[in-house]
$ cat final-v3.tsv   # TSV, C-alpha atoms
chain	number	residue	atom	x	y	z
A	29	MET	CA	6.00	10.40	89.73
A	30	MET	CA	6.64	14.11	90.13
A	31	LYS	CA	8.52	15.86	87.33
A	32	ILE	CA	11.32	18.30	88.16
A	33	TYR	CA	12.25	20.93	85.61
A	34	ILE	CA	15.88	21.72	86.33
A	35	ASP	CA	15.81	24.96	84.31
A	36	LEU	CA	12.93	26.30	86.40
A	37	VAL	CA	14.70	25.26	89.60
A	38	ILE	CA	17.83	27.15	88.51
A	39	ILE	CA	15.88	30.29	87.58
A	40	LEU	CA	13.84	30.22	90.80
A	41	ASN	CA	16.96	29.68	92.92
A	42	PHE	CA	18.73	32.56	91.17
A	43	VAL	CA	15.79	34.95	91.67
A	44	LEU	CA	15.42	34.08	95.35
A	45	ASP	CA	19.16	34.43	95.99
A	46	LEU	CA	19.15	37.81	94.22
A	47	ILE	CA	16.21	38.98	96.37
A	48	LEU	CA	18.08	37.86	99.51
A	49	LEU	CA	21.34	39.57	98.52
A	50	MET	CA	19.56	42.78	97.52
A	51	SER	CA	17.75	42.71	100.87
A	52	VAL	CA	21.00	42.35	102.84
A	53	ASN	CA	22.53	45.08	100.69
A	54	PHE	CA	19.50	47.28	101.41
A	55	ILE	CA	19.26	46.63	105.16
A	56	LEU	CA	22.98	46.91	105.97
A	57	ARG	CA	23.59	49.67	103.37
A	58	ARG	CA	26.53	47.81	101.87
A	59	ASN	CA	26.21	49.73	98.57
A	60	SER	CA	27.50	46.72	96.67
A	61	LYS	CA	27.41	46.90	92.88
A	62	LEU	CA	24.49	45.22	91.11
A	63	TRP	CA	26.83	43.04	89.03
A	64	ARG	CA	28.33	41.63	92.23
A	65	LEU	CA	24.87	40.74	93.57
A	66	ILE	CA	23.96	39.08	90.27
A	67	LEU	CA	27.25	37.13	90.21
A	68	GLY	CA	26.70	36.06	93.82
A	69	SER	CA	23.19	34.84	92.88
A	70	PHE	CA	24.64	32.76	90.04
A	71	MET	CA	27.12	31.25	92.50
A	72	GLY	CA	24.12	30.21	94.59
A	73	ASN	CA	23.19	27.67	91.93
A	74	ILE	CA	26.17	25.60	93.07
A	75	THR	CA	23.90	24.33	95.85
A	76	ILE	CA	21.65	22.66	93.25
A	77	ILE	CA	24.47	20.25	92.45
A	78	LEU	CA	24.22	18.96	96.02
A	79	LEU	CA	20.72	17.66	95.25
A	80	PHE	CA	22.18	15.12	92.85
A	81	ILE	CA	24.99	13.88	95.10
A	82	ARG	CA	24.54	11.23	97.80
A	83	ILE	CA	26.04	12.73	100.95
A	84	ASN	CA	25.14	12.49	104.63
A	85	ASN	CA	23.34	15.28	106.45
A	86	ILE	CA	26.42	16.71	108.19
A	87	VAL	CA	28.38	17.04	104.95
A	88	PHE	CA	25.29	18.50	103.26
A	89	VAL	CA	24.89	21.20	105.93
A	90	LEU	CA	28.61	22.04	105.88
A	91	SER	CA	28.53	22.24	102.07
A	92	LYS	CA	25.58	24.64	102.23
A	93	LEU	CA	27.46	26.83	104.72
A	94	VAL	CA	30.53	26.93	102.48
A	95	CYS	CA	28.36	27.83	99.46
A	96	SER	CA	26.68	30.60	101.48
A	97	LEU	CA	30.09	31.96	102.45
A	98	VAL	CA	31.18	31.99	98.79
A	99	ILE	CA	27.97	33.82	97.81
A	100	ILE	CA	28.50	36.46	100.50
A	101	LEU	CA	32.17	37.00	99.61
A	102	VAL	CA	31.35	37.37	95.91
A	103	ALA	CA	28.45	39.76	96.56
A	104	PHE	CA	29.99	41.96	99.26
A	105	GLY	CA	33.71	41.27	99.28
A	106	TYR	CA	35.93	40.90	102.34
A	107	LYS	CA	36.85	43.68	104.77
A	108	ASP	CA	37.22	41.77	108.03
A	109	ILE	CA	35.76	38.76	109.84
A	110	LYS	CA	33.12	40.81	111.65
A	111	TYR	CA	31.94	42.28	108.34
A	112	VAL	CA	31.56	38.81	106.76
A	113	ILE	CA	29.83	37.31	109.82
A	114	LYS	CA	27.27	40.11	109.92
A	115	ASN	CA	26.58	39.75	106.19
A	116	ILE	CA	26.05	36.00	106.38
A	117	THR	CA	23.96	36.31	109.56
A	118	TYR	CA	21.55	38.75	107.92
A	119	PHE	CA	21.55	36.58	104.78
A	120	TYR	CA	20.17	33.67	106.83
A	121	ILE	CA	17.77	35.86	108.85
A	122	VAL	CA	16.20	37.32	105.71
A	123	SER	CA	16.17	33.85	104.12
A	124	MET	CA	14.18	32.42	107.03
A	125	LEU	CA	11.75	35.34	107.01
A	126	LEU	CA	11.14	35.09	103.28
A	127	GLY	CA	10.94	31.28	103.31
A	128	GLY	CA	8.56	31.27	106.27
A	129	GLY	CA	6.35	33.89	104.62
A	130	ILE	CA	6.11	31.96	101.35
A	131	TYR	CA	5.38	28.70	103.23
A	132	PHE	CA	2.59	30.41	105.19
A	133	LEU	CA	1.02	31.89	102.06
A	134	GLU	CA	1.23	28.56	100.24
A	135	ASN	CA	-0.61	26.80	103.07
A	136	GLN	CA	-3.27	29.51	103.05
A	137	PHE	CA	-3.95	29.47	99.32
A	138	ALA	CA	-2.85	26.11	97.92
A	139	TYR	CA	-5.24	23.83	99.84
A	140	SER	CA	-9.01	23.54	100.10
A	141	ASN	CA	-10.92	21.59	102.68
A	142	LYS	CA	-14.22	19.81	102.98
A	143	GLY	CA	-14.73	19.36	106.66
A	144	LEU	CA	-11.59	17.68	107.99
A	145	VAL	CA	-10.42	16.57	104.55
A	146	PHE	CA	-7.79	18.80	102.89
A	147	THR	CA	-6.98	18.50	99.20
A	148	GLU	CA	-4.26	20.17	97.16
A	149	GLN	CA	-5.71	22.29	94.39
A	150	ASP	CA	-4.44	23.15	90.94
A	151	ILE	CA	-2.07	25.77	92.28
A	152	GLY	CA	-0.79	27.34	89.08
A	153	TYR	CA	-2.49	30.68	89.66
A	154	TYR	CA	-2.20	30.35	93.43
A	155	TYR	CA	1.58	30.56	93.11
A	156	GLY	CA	1.06	33.81	91.24
A	157	ILE	CA	-0.96	35.16	94.17
A	158	ILE	CA	1.64	33.86	96.63
A	159	PHE	CA	4.46	35.45	94.66
A	160	ILE	CA	2.74	38.87	94.44
A	161	LEU	CA	1.69	38.91	98.10
A	162	GLY	CA	5.11	37.63	99.14
A	163	ILE	CA	6.89	40.47	97.33
A	164	PHE	CA	4.44	43.04	98.73
A	165	ILE	CA	4.94	41.83	102.32
A	166	PHE	CA	8.68	41.63	101.80
A	167	ILE	CA	8.87	45.21	100.47
A	168	LYS	CA	6.81	46.44	103.42
A	169	TYR	CA	9.16	44.60	105.77
A	170	LEU	CA	12.25	46.14	104.18
A	171	LYS	CA	10.65	49.58	104.22
A	172	SER	CA	9.91	49.30	107.94
A	173	ILE	CA	13.49	48.20	108.62
A	174	ARG	CA	14.82	51.14	106.61
A	175	GLU	CA	12.55	53.63	108.40
A	176	MET	CA	13.58	52.29	111.78
A	177	GLY	CA	17.19	52.79	110.81
A	178	TYR	CA	18.22	50.45	113.63
A	179	HIS	CA	21.97	50.87	114.14
A	180	TYR	CA	22.56	52.20	110.65
A	181	SER	CA	20.91	55.63	110.72
A	182	ASN	CA	24.30	57.33	110.62
A	183	TYR	CA	25.54	55.45	107.54
A	184	TYR	CA	25.84	57.36	104.26
A	185	ASN	CA	26.98	56.60	100.73
A	186	CYS	CA	29.17	59.52	99.65
A	187	LYS	CA	31.00	60.63	96.52
A	188	ILE	CA	34.18	62.70	96.89
A	189	TYR	CA	35.18	64.73	93.83
A	190	PHE	CA	38.86	65.69	93.60
A	191	GLU	CA	40.51	68.45	91.58
A	192	ASP	CA	41.47	66.10	88.71
A	193	ASP	CA	37.84	64.91	88.35
A	194	ASN	CA	38.65	61.64	90.09
A	195	VAL	CA	35.59	60.42	92.02
A	196	LEU	CA	35.94	58.32	95.17
A	197	VAL	CA	32.84	56.44	96.41
A	198	VAL	CA	32.90	55.70	100.16
A	199	ASN	CA	30.69	54.27	102.89
A	200	ALA	CA	30.69	57.01	105.52
A	201	PHE	CA	29.69	57.17	109.16
A	202	LEU	CA	28.47	60.36	110.80
A	203	ASP	CA	30.59	60.79	113.93
A	204	THR	CA	29.26	63.63	116.07
A	205	GLY	CA	32.48	63.51	118.10
A	206	ASN	CA	34.64	64.29	115.09
A	207	LYS	CA	35.68	67.95	115.47
A	208	LEU	CA	38.71	67.89	113.18
A	209	LYS	CA	39.32	71.06	111.17
A	210	ASP	CA	42.15	72.97	109.59
A	211	PRO	CA	43.04	75.81	112.03
A	212	TYR	CA	44.23	78.02	109.14
A	213	SER	CA	41.38	77.72	106.63
A	214	ASN	CA	38.77	76.60	109.19
A	215	LYS	CA	37.74	73.78	106.82
A	216	SER	CA	36.26	70.59	108.26
A	217	ILE	CA	38.25	67.39	107.83
A	218	ILE	CA	36.74	64.06	106.91
A	219	LEU	CA	38.77	60.88	107.40
A	220	VAL	CA	39.19	58.34	104.60
A	221	ASP	CA	40.84	54.93	104.71
A	222	ASP	CA	44.32	55.16	103.20
A	223	LYS	CA	43.77	51.93	101.23
A	224	LEU	CA	41.13	53.63	99.06
A	225	ILE	CA	43.47	56.35	97.81
A	226	ASP	CA	45.04	55.98	94.38
A	227	LYS	CA	48.69	56.86	95.08
A	228	SER	CA	49.45	57.39	91.39
A	229	ARG	CA	47.37	60.58	91.23
A	230	ASN	CA	48.80	64.02	91.93
A	231	TYR	CA	46.62	65.28	94.76
A	232	VAL	CA	47.21	68.71	96.30
A	233	THR	CA	48.61	67.76	99.71
A	234	LEU	CA	48.48	69.63	103.02
A	235	TYR	CA	49.69	68.70	106.49
A	236	VAL	CA	47.33	69.88	109.21
A	237	PRO	CA	48.28	69.94	112.94
A	238	TYR	CA	45.87	68.04	115.13
A	239	HIS	CA	45.40	67.32	118.81
A	240	SER	CA	43.51	64.35	120.23
A	241	LEU	CA	43.05	62.99	123.74
A	242	ASN	CA	46.16	60.82	123.62
A	243	ASN	CA	48.05	62.05	120.61
A	244	GLN	CA	49.07	65.00	118.48
A	245	GLY	CA	50.94	65.53	115.23
A	246	LEU	CA	50.43	66.35	111.56
A	247	LEU	CA	47.57	64.85	109.57
A	248	LYS	CA	48.09	64.31	105.85
A	249	CYS	CA	45.19	65.84	103.93
A	250	TYR	CA	44.19	66.20	100.29
A	251	LYS	CA	42.23	69.03	98.73
A	252	ALA	CA	38.93	68.07	97.11
A	253	ARG	CA	36.33	70.04	95.18
A	254	ARG	CA	33.20	68.74	96.89
A	255	ILE	CA	31.53	65.86	98.66
A	256	GLU	CA	28.09	64.66	97.59
A	257	ILE	CA	25.67	63.07	100.07
A	258	ASP	CA	22.07	62.21	99.18
A	259	GLY	CA	22.19	64.48	96.13
A	260	LYS	CA	23.49	67.50	98.08
A	261	SER	CA	27.01	68.93	98.09
A	262	TYR	CA	29.52	70.56	100.43
A	263	ASP	CA	32.86	72.09	99.40
A	264	LYS	CA	34.54	73.56	102.50
A	265	PHE	CA	36.43	70.49	103.67
A	266	LEU	CA	39.67	68.53	103.40
A	267	VAL	CA	40.18	64.79	103.02
A	268	GLY	CA	42.28	63.47	105.90
A	269	ILE	CA	44.12	60.19	105.31
A	270	SER	CA	43.85	57.55	108.03
A	271	ASP	CA	46.08	54.48	108.10
A	272	GLU	CA	44.20	53.03	111.09
A	273	ASN	CA	41.07	50.85	110.98
A	274	PHE	CA	37.86	52.66	111.91
A	275	PHE	CA	36.46	49.56	113.68
A	276	ILE	CA	32.97	50.38	112.41
A	277	ASP	CA	31.23	47.71	110.37
A	278	GLY	CA	31.64	48.31	106.62
A	279	ILE	CA	32.86	51.91	107.02
A	280	ASN	CA	35.83	53.49	105.23
A	281	CYS	CA	35.10	57.20	105.83
A	282	ILE	CA	34.23	59.37	108.85
A	283	ILE	CA	32.28	62.62	108.45
A	284	ASN	CA	30.98	65.14	111.00
A	285	ASN	CA	27.93	67.28	111.75
A	286	LYS	CA	29.39	70.37	110.13
A	287	ILE	CA	29.53	68.55	106.80
A	288	MET	CA	25.88	67.47	107.12
A	289	GLU	CA	24.70	70.91	108.22
A	290	GLY	CA	26.48	72.59	105.31
A	291	LEU	CA	24.97	70.43	102.55
A	292	ARG	CA	23.26	72.45	99.84

$ encode --input "final-v3.tsv" --output "structure tokens"
Amino acid sequence: MMKIYIDLVIILNFVLDLILLMSVNFILRRNSKLWRLILGSFMGNITIILLFIRINNIVFVLSKLVCSLVIILVAFGYKDIKYVIKNITYFYIVSMLLGGGIYFLENQFAYSNKGLVFTEQDIGYYYGIIFILGIFIFIKYLKSIREMGYHYSNYYNCKIYFEDDNVLVVNAFLDTGNKLKDPYSNKSIILVDDKLIDKSRNYVTLYVPYHSLNNQGLLKCYKARRIEIDGKSYDKFLVGISDENFFIDGINCIINNKIMEGLR
């Protein structure tokens, strides 16, 4: 009879879920806090309970899907349906890649053969080899994804510093078509989702005239000291407030080329 150590199962499940969530966070540049990823990994242990309950296959699969949804919502939050679907899709893609890689390595190292007879070896140290090789291959995979950039090469994690030392962290998208600027000071304008702004603070407010293809009017803007992107700063800009959705996955700020070119 095979012994099952529930504590080891819980620890292993937590570690694997954390690796998966960190991978999704890394690939999609969600910039989720570490505590949220850890909490989501703990939530993943709910699935272990299903192993001790007699349920049919359909209910089991549906329960796993619900648990996965809970994990994703805890780890990355909710912005819209598209955002959640993409997160859970990549969660399963990375899960299959990691699971398939570990299964392959286990078959390569955990069995020996004499002719056509295969026997399972004492695999204590083999799992160590599998674990190390698995992490190495996984890191190389993530690195290649990051270098490729795929659709996310124009995503940036930015910090906006206001006059009262308030710091706003945003997920920004570089929009080369964004030419907004203040005609009086010639400062570039970045757009930030209105829902991120703390209305209780006393920001220095300006109203800047703008013209677009189908509209014109006054854009509400706040003064800010600087914006920080990849360790570099830029200070000749205004923060424009947008009350419309950007319709870009996971994005709550739009920046332009002039901002990127002026970073020092």

$ residues_around --input "final-v3.tsv" --residues "A:Tyr189" --least-positions-apart "4" --cutoff "12 Å" --atoms "all atoms listed in the file" --output "PyMOL selection string"
chain A and resi 193-198+231+250-257+261-263+265-267

$ residues_around --input "final-v3.tsv" --residues "stretch 213-217 of chain A" --least-positions-apart "4" --cutoff "8 Å" --atoms "all atoms listed in the file" --output "number ranges by chain"
A: 207-209, 264-268, 283, 286-287

$ atom_distance --input "final-v3.tsv" --atom1 "atom CA of A:Val98" --atom2 "atom CA of A:Phe274"
25.4 Å

$ atom_distance --input "final-v3.tsv" --atom1 "atom CA of A:Asn273" --atom2 "atom CA of A:Val232"
23.9 Å

$ residues_around --input "final-v3.tsv" --residues "A:Ala103" --least-positions-apart "2" --cutoff "10 Å" --atoms "all atoms listed in the file" --output "PyMOL selection string"
chain A and resi 46+49-50+53+58+60-69+71+97-101+105-106+115

$ closest_residue --input "final-v3.tsv" --among "A:Leu56, A:Val102, A:Asp226, A:Tyr212" --to "A:Tyr238" --atoms "all atoms listed in the file"
A:Tyr212

$ closest_residue --input "final-v3.tsv" --among "A:Lys260, A:His239, A:Arg57, A:Arg292" --to "A:Ile279" --atoms "only C-alpha atoms"
A:Arg57

$ atom_distance --input "final-v3.tsv" --atom1 "atom CA of A:Leu126" --atom2 "atom CA of A:Ser51"
10.4 Å

$ closest_residue --input "final-v3.tsv" --among "A:Ile121, A:Ile218, A:Leu291, A:Leu224" --to "A:Leu48" --atoms "all atoms listed in the file"
A:Ile121

$ closest_residue --input "final-v3.tsv" --among "A:Asp271, A:Asp277, A:Asp45, A:Asp192" --to "A:Val220" --atoms "all atoms listed in the file"
A:Asp271

$ residues_around --input "final-v3.tsv" --residues "A:Leu247" --least-positions-apart "3" --cutoff "9 Å" --atoms "all atoms listed in the file" --output "PyMOL selection string"
chain A and resi 234-238+268-270

$ axis_aligned_box --input "final-v3.tsv" --around "stretch 87-95 of chain A" --padding-each-side "4 Å" --output "JSON"
{"center_x": 27.7, "center_y": 22.4, "center_z": 102.7, "size_x": 13.6, "size_y": 18.8, "size_z": 14.5}

$ decode --input "final-v3.tsv" --residues "stretch 183-229 of chain A" --atoms "N, CA and C atoms" --output "PDB file, in the first residue's frame"
ATOM      1  N   TYR A 183       4.319  47.232 -23.120  1.00  0.00           N
ATOM      2  CA  TYR A 183       3.775  47.333 -21.764  1.00  0.00           C
ATOM      3  C   TYR A 183       4.880  47.783 -20.806  1.00  0.00           C
ATOM      4  N   TYR A 184       4.537  48.705 -19.911  1.00  0.00           N
ATOM      5  CA  TYR A 184       5.520  49.200 -18.943  1.00  0.00           C
ATOM      6  C   TYR A 184       4.871  49.380 -17.573  1.00  0.00           C
ATOM      7  N   ASN A 185       5.652  49.075 -16.544  1.00  0.00           N
ATOM      8  CA  ASN A 185       5.231  49.370 -15.173  1.00  0.00           C
ATOM      9  C   ASN A 185       5.813  50.736 -14.807  1.00  0.00           C
ATOM     10  N   CYS A 186       4.954  51.686 -14.483  1.00  0.00           N
ATOM     11  CA  CYS A 186       5.393  53.065 -14.248  1.00  0.00           C
ATOM     12  C   CYS A 186       4.989  53.540 -12.852  1.00  0.00           C
ATOM     13  N   LYS A 187       5.775  54.477 -12.334  1.00  0.00           N
ATOM     14  CA  LYS A 187       5.458  55.150 -11.082  1.00  0.00           C
ATOM     15  C   LYS A 187       5.336  56.649 -11.353  1.00  0.00           C
ATOM     16  N   ILE A 188       4.194  57.217 -10.971  1.00  0.00           N
ATOM     17  CA  ILE A 188       3.962  58.648 -11.161  1.00  0.00           C
ATOM     18  C   ILE A 188       4.047  59.331  -9.803  1.00  0.00           C
ATOM     19  N   TYR A 189       4.943  60.298  -9.679  1.00  0.00           N
ATOM     20  CA  TYR A 189       5.153  61.013  -8.425  1.00  0.00           C
ATOM     21  C   TYR A 189       4.481  62.385  -8.519  1.00  0.00           C
ATOM     22  N   PHE A 190       3.535  62.640  -7.620  1.00  0.00           N
ATOM     23  CA  PHE A 190       2.831  63.916  -7.606  1.00  0.00           C
ATOM     24  C   PHE A 190       3.507  64.900  -6.649  1.00  0.00           C
ATOM     25  N   GLU A 191       2.998  66.125  -6.655  1.00  0.00           N
ATOM     26  CA  GLU A 191       3.604  67.201  -5.859  1.00  0.00           C
ATOM     27  C   GLU A 191       3.562  66.914  -4.356  1.00  0.00           C
ATOM     28  N   ASP A 192       2.537  66.207  -3.892  1.00  0.00           N
ATOM     29  CA  ASP A 192       2.410  65.950  -2.450  1.00  0.00           C
ATOM     30  C   ASP A 192       3.065  64.630  -2.037  1.00  0.00           C
ATOM     31  N   ASP A 193       3.989  64.152  -2.886  1.00  0.00           N
ATOM     32  CA  ASP A 193       4.733  62.909  -2.641  1.00  0.00           C
ATOM     33  C   ASP A 193       3.865  61.657  -2.722  1.00  0.00           C
ATOM     34  N   ASN A 194       2.645  61.803  -3.216  1.00  0.00           N
ATOM     35  CA  ASN A 194       1.823  60.628  -3.487  1.00  0.00           C
ATOM     36  C   ASN A 194       2.377  59.918  -4.723  1.00  0.00           C
ATOM     37  N   VAL A 195       2.479  58.588  -4.642  1.00  0.00           N
ATOM     38  CA  VAL A 195       3.021  57.795  -5.751  1.00  0.00           C
ATOM     39  C   VAL A 195       1.923  56.890  -6.299  1.00  0.00           C
ATOM     40  N   LEU A 196       1.707  56.962  -7.607  1.00  0.00           N
ATOM     41  CA  LEU A 196       0.696  56.150  -8.271  1.00  0.00           C
ATOM     42  C   LEU A 196       1.402  55.140  -9.180  1.00  0.00           C
ATOM     43  N   VAL A 197       1.168  53.853  -8.938  1.00  0.00           N
ATOM     44  CA  VAL A 197       1.768  52.790  -9.752  1.00  0.00           C
ATOM     45  C   VAL A 197       0.752  52.361 -10.804  1.00  0.00           C
ATOM     46  N   VAL A 198       1.156  52.380 -12.075  1.00  0.00           N
ATOM     47  CA  VAL A 198       0.238  52.068 -13.171  1.00  0.00           C
ATOM     48  C   VAL A 198       0.858  51.073 -14.145  1.00  0.00           C
ATOM     49  N   ASN A 199       0.001  50.359 -14.855  1.00  0.00           N
ATOM     50  CA  ASN A 199       0.418  49.516 -15.978  1.00  0.00           C
ATOM     51  C   ASN A 199       0.176  50.323 -17.252  1.00  0.00           C
ATOM     52  N   ALA A 200       1.257  50.715 -17.906  1.00  0.00           N
ATOM     53  CA  ALA A 200       1.144  51.647 -19.034  1.00  0.00           C
ATOM     54  C   ALA A 200       1.380  50.958 -20.368  1.00  0.00           C
ATOM     55  N   PHE A 201       0.773  51.533 -21.390  1.00  0.00           N
ATOM     56  CA  PHE A 201       0.962  51.056 -22.759  1.00  0.00           C
ATOM     57  C   PHE A 201       1.519  52.197 -23.594  1.00  0.00           C
ATOM     58  N   LEU A 202       2.564  51.893 -24.356  1.00  0.00           N
ATOM     59  CA  LEU A 202       3.176  52.894 -25.228  1.00  0.00           C
ATOM     60  C   LEU A 202       2.369  52.998 -26.515  1.00  0.00           C
ATOM     61  N   ASP A 203       1.654  54.105 -26.668  1.00  0.00           N
ATOM     62  CA  ASP A 203       0.823  54.341 -27.850  1.00  0.00           C
ATOM     63  C   ASP A 203       1.510  55.372 -28.732  1.00  0.00           C
ATOM     64  N   THR A 204       2.067  54.906 -29.844  1.00  0.00           N
ATOM     65  CA  THR A 204       2.793  55.812 -30.740  1.00  0.00           C
ATOM     66  C   THR A 204       1.870  56.824 -31.403  1.00  0.00           C
ATOM     67  N   GLY A 205       0.554  56.545 -31.376  1.00  0.00           N
ATOM     68  CA  GLY A 205      -0.400  57.477 -31.973  1.00  0.00           C
ATOM     69  C   GLY A 205      -0.860  58.560 -31.018  1.00  0.00           C
ATOM     70  N   ASN A 206      -0.425  58.474 -29.767  1.00  0.00           N
ATOM     71  CA  ASN A 206      -0.815  59.481 -28.779  1.00  0.00           C
ATOM     72  C   ASN A 206       0.057  60.722 -28.928  1.00  0.00           C
ATOM     73  N   LYS A 207      -0.518  61.808 -29.426  1.00  0.00           N
ATOM     74  CA  LYS A 207       0.229  63.054 -29.644  1.00  0.00           C
ATOM     75  C   LYS A 207      -0.250  64.175 -28.721  1.00  0.00           C
ATOM     76  N   LEU A 208      -0.970  63.822 -27.673  1.00  0.00           N
ATOM     77  CA  LEU A 208      -1.525  64.838 -26.795  1.00  0.00           C
ATOM     78  C   LEU A 208      -0.434  65.658 -26.104  1.00  0.00           C
ATOM     79  N   LYS A 209      -0.625  66.983 -26.100  1.00  0.00           N
ATOM     80  CA  LYS A 209       0.289  67.859 -25.369  1.00  0.00           C
ATOM     81  C   LYS A 209      -0.421  69.169 -25.043  1.00  0.00           C
ATOM     82  N   ASP A 210       0.079  69.829 -24.036  1.00  0.00           N
ATOM     83  CA  ASP A 210      -0.460  71.120 -23.630  1.00  0.00           C
ATOM     84  C   ASP A 210       0.064  72.181 -24.598  1.00  0.00           C
ATOM     85  N   PRO A 211      -0.802  72.866 -25.335  1.00  0.00           N
ATOM     86  CA  PRO A 211      -0.336  73.848 -26.331  1.00  0.00           C
ATOM     87  C   PRO A 211       0.358  75.062 -25.702  1.00  0.00           C
ATOM     88  N   TYR A 212       0.169  75.288 -24.411  1.00  0.00           N
ATOM     89  CA  TYR A 212       0.763  76.454 -23.758  1.00  0.00           C
ATOM     90  C   TYR A 212       2.153  76.139 -23.191  1.00  0.00           C
ATOM     91  N   SER A 213       2.281  75.037 -22.498  1.00  0.00           N
ATOM     92  CA  SER A 213       3.580  74.676 -21.906  1.00  0.00           C
ATOM     93  C   SER A 213       4.355  73.686 -22.764  1.00  0.00           C
ATOM     94  N   ASN A 214       3.688  73.139 -23.789  1.00  0.00           N
ATOM     95  CA  ASN A 214       4.289  72.155 -24.690  1.00  0.00           C
ATOM     96  C   ASN A 214       4.641  70.846 -23.970  1.00  0.00           C
ATOM     97  N   LYS A 215       4.004  70.591 -22.830  1.00  0.00           N
ATOM     98  CA  LYS A 215       4.263  69.356 -22.092  1.00  0.00           C
ATOM     99  C   LYS A 215       3.428  68.213 -22.665  1.00  0.00           C
ATOM    100  N   SER A 216       4.032  67.021 -22.706  1.00  0.00           N
ATOM    101  CA  SER A 216       3.296  65.836 -23.154  1.00  0.00           C
ATOM    102  C   SER A 216       2.242  65.471 -22.119  1.00  0.00           C
ATOM    103  N   ILE A 217       1.187  64.804 -22.577  1.00  0.00           N
ATOM    104  CA  ILE A 217       0.112  64.386 -21.683  1.00  0.00           C
ATOM    105  C   ILE A 217      -0.016  62.869 -21.731  1.00  0.00           C
ATOM    106  N   ILE A 218       0.061  62.252 -20.563  1.00  0.00           N
ATOM    107  CA  ILE A 218      -0.230  60.829 -20.465  1.00  0.00           C
ATOM    108  C   ILE A 218      -1.670  60.696 -19.958  1.00  0.00           C
ATOM    109  N   LEU A 219      -2.308  59.607 -20.291  1.00  0.00           N
ATOM    110  CA  LEU A 219      -3.689  59.378 -19.865  1.00  0.00           C
ATOM    111  C   LEU A 219      -3.732  58.307 -18.785  1.00  0.00           C
ATOM    112  N   VAL A 220      -4.469  58.592 -17.710  1.00  0.00           N
ATOM    113  CA  VAL A 220      -4.591  57.659 -16.594  1.00  0.00           C
ATOM    114  C   VAL A 220      -6.067  57.417 -16.307  1.00  0.00           C
ATOM    115  N   ASP A 221      -6.393  56.183 -15.994  1.00  0.00           N
ATOM    116  CA  ASP A 221      -7.766  55.813 -15.667  1.00  0.00           C
ATOM    117  C   ASP A 221      -8.238  56.598 -14.442  1.00  0.00           C
ATOM    118  N   ASP A 222      -9.392  57.222 -14.586  1.00  0.00           N
ATOM    119  CA  ASP A 222      -9.950  58.059 -13.520  1.00  0.00           C
ATOM    120  C   ASP A 222     -10.154  57.288 -12.217  1.00  0.00           C
ATOM    121  N   LYS A 223     -10.407  55.987 -12.315  1.00  0.00           N
ATOM    122  CA  LYS A 223     -10.696  55.182 -11.120  1.00  0.00           C
ATOM    123  C   LYS A 223      -9.469  55.015 -10.229  1.00  0.00           C
ATOM    124  N   LEU A 224      -8.281  55.286 -10.742  1.00  0.00           N
ATOM    125  CA  LEU A 224      -7.065  55.146  -9.940  1.00  0.00           C
ATOM    126  C   LEU A 224      -6.770  56.385  -9.097  1.00  0.00           C
ATOM    127  N   ILE A 225      -7.398  57.492  -9.428  1.00  0.00           N
ATOM    128  CA  ILE A 225      -7.079  58.764  -8.783  1.00  0.00           C
ATOM    129  C   ILE A 225      -7.782  58.891  -7.431  1.00  0.00           C
ATOM    130  N   ASP A 226      -6.990  59.250  -6.424  1.00  0.00           N
ATOM    131  CA  ASP A 226      -7.530  59.501  -5.092  1.00  0.00           C
ATOM    132  C   ASP A 226      -8.124  60.910  -5.063  1.00  0.00           C
ATOM    133  N   LYS A 227      -9.448  60.990  -5.060  1.00  0.00           N
ATOM    134  CA  LYS A 227     -10.131  62.286  -5.157  1.00  0.00           C
ATOM    135  C   LYS A 227      -9.968  63.142  -3.902  1.00  0.00           C
ATOM    136  N   SER A 228      -9.509  62.543  -2.813  1.00  0.00           N
ATOM    137  CA  SER A 228      -9.375  63.308  -1.566  1.00  0.00           C
ATOM    138  C   SER A 228      -8.113  64.180  -1.541  1.00  0.00           C
ATOM    139  N   ARG A 229      -7.209  63.961  -2.476  1.00  0.00           N
ATOM    140  CA  ARG A 229      -5.963  64.728  -2.498  1.00  0.00           C
ATOM    141  C   ARG A 229      -6.134  66.026  -3.287  1.00  0.00           C
TER     142      ARG A 229
END
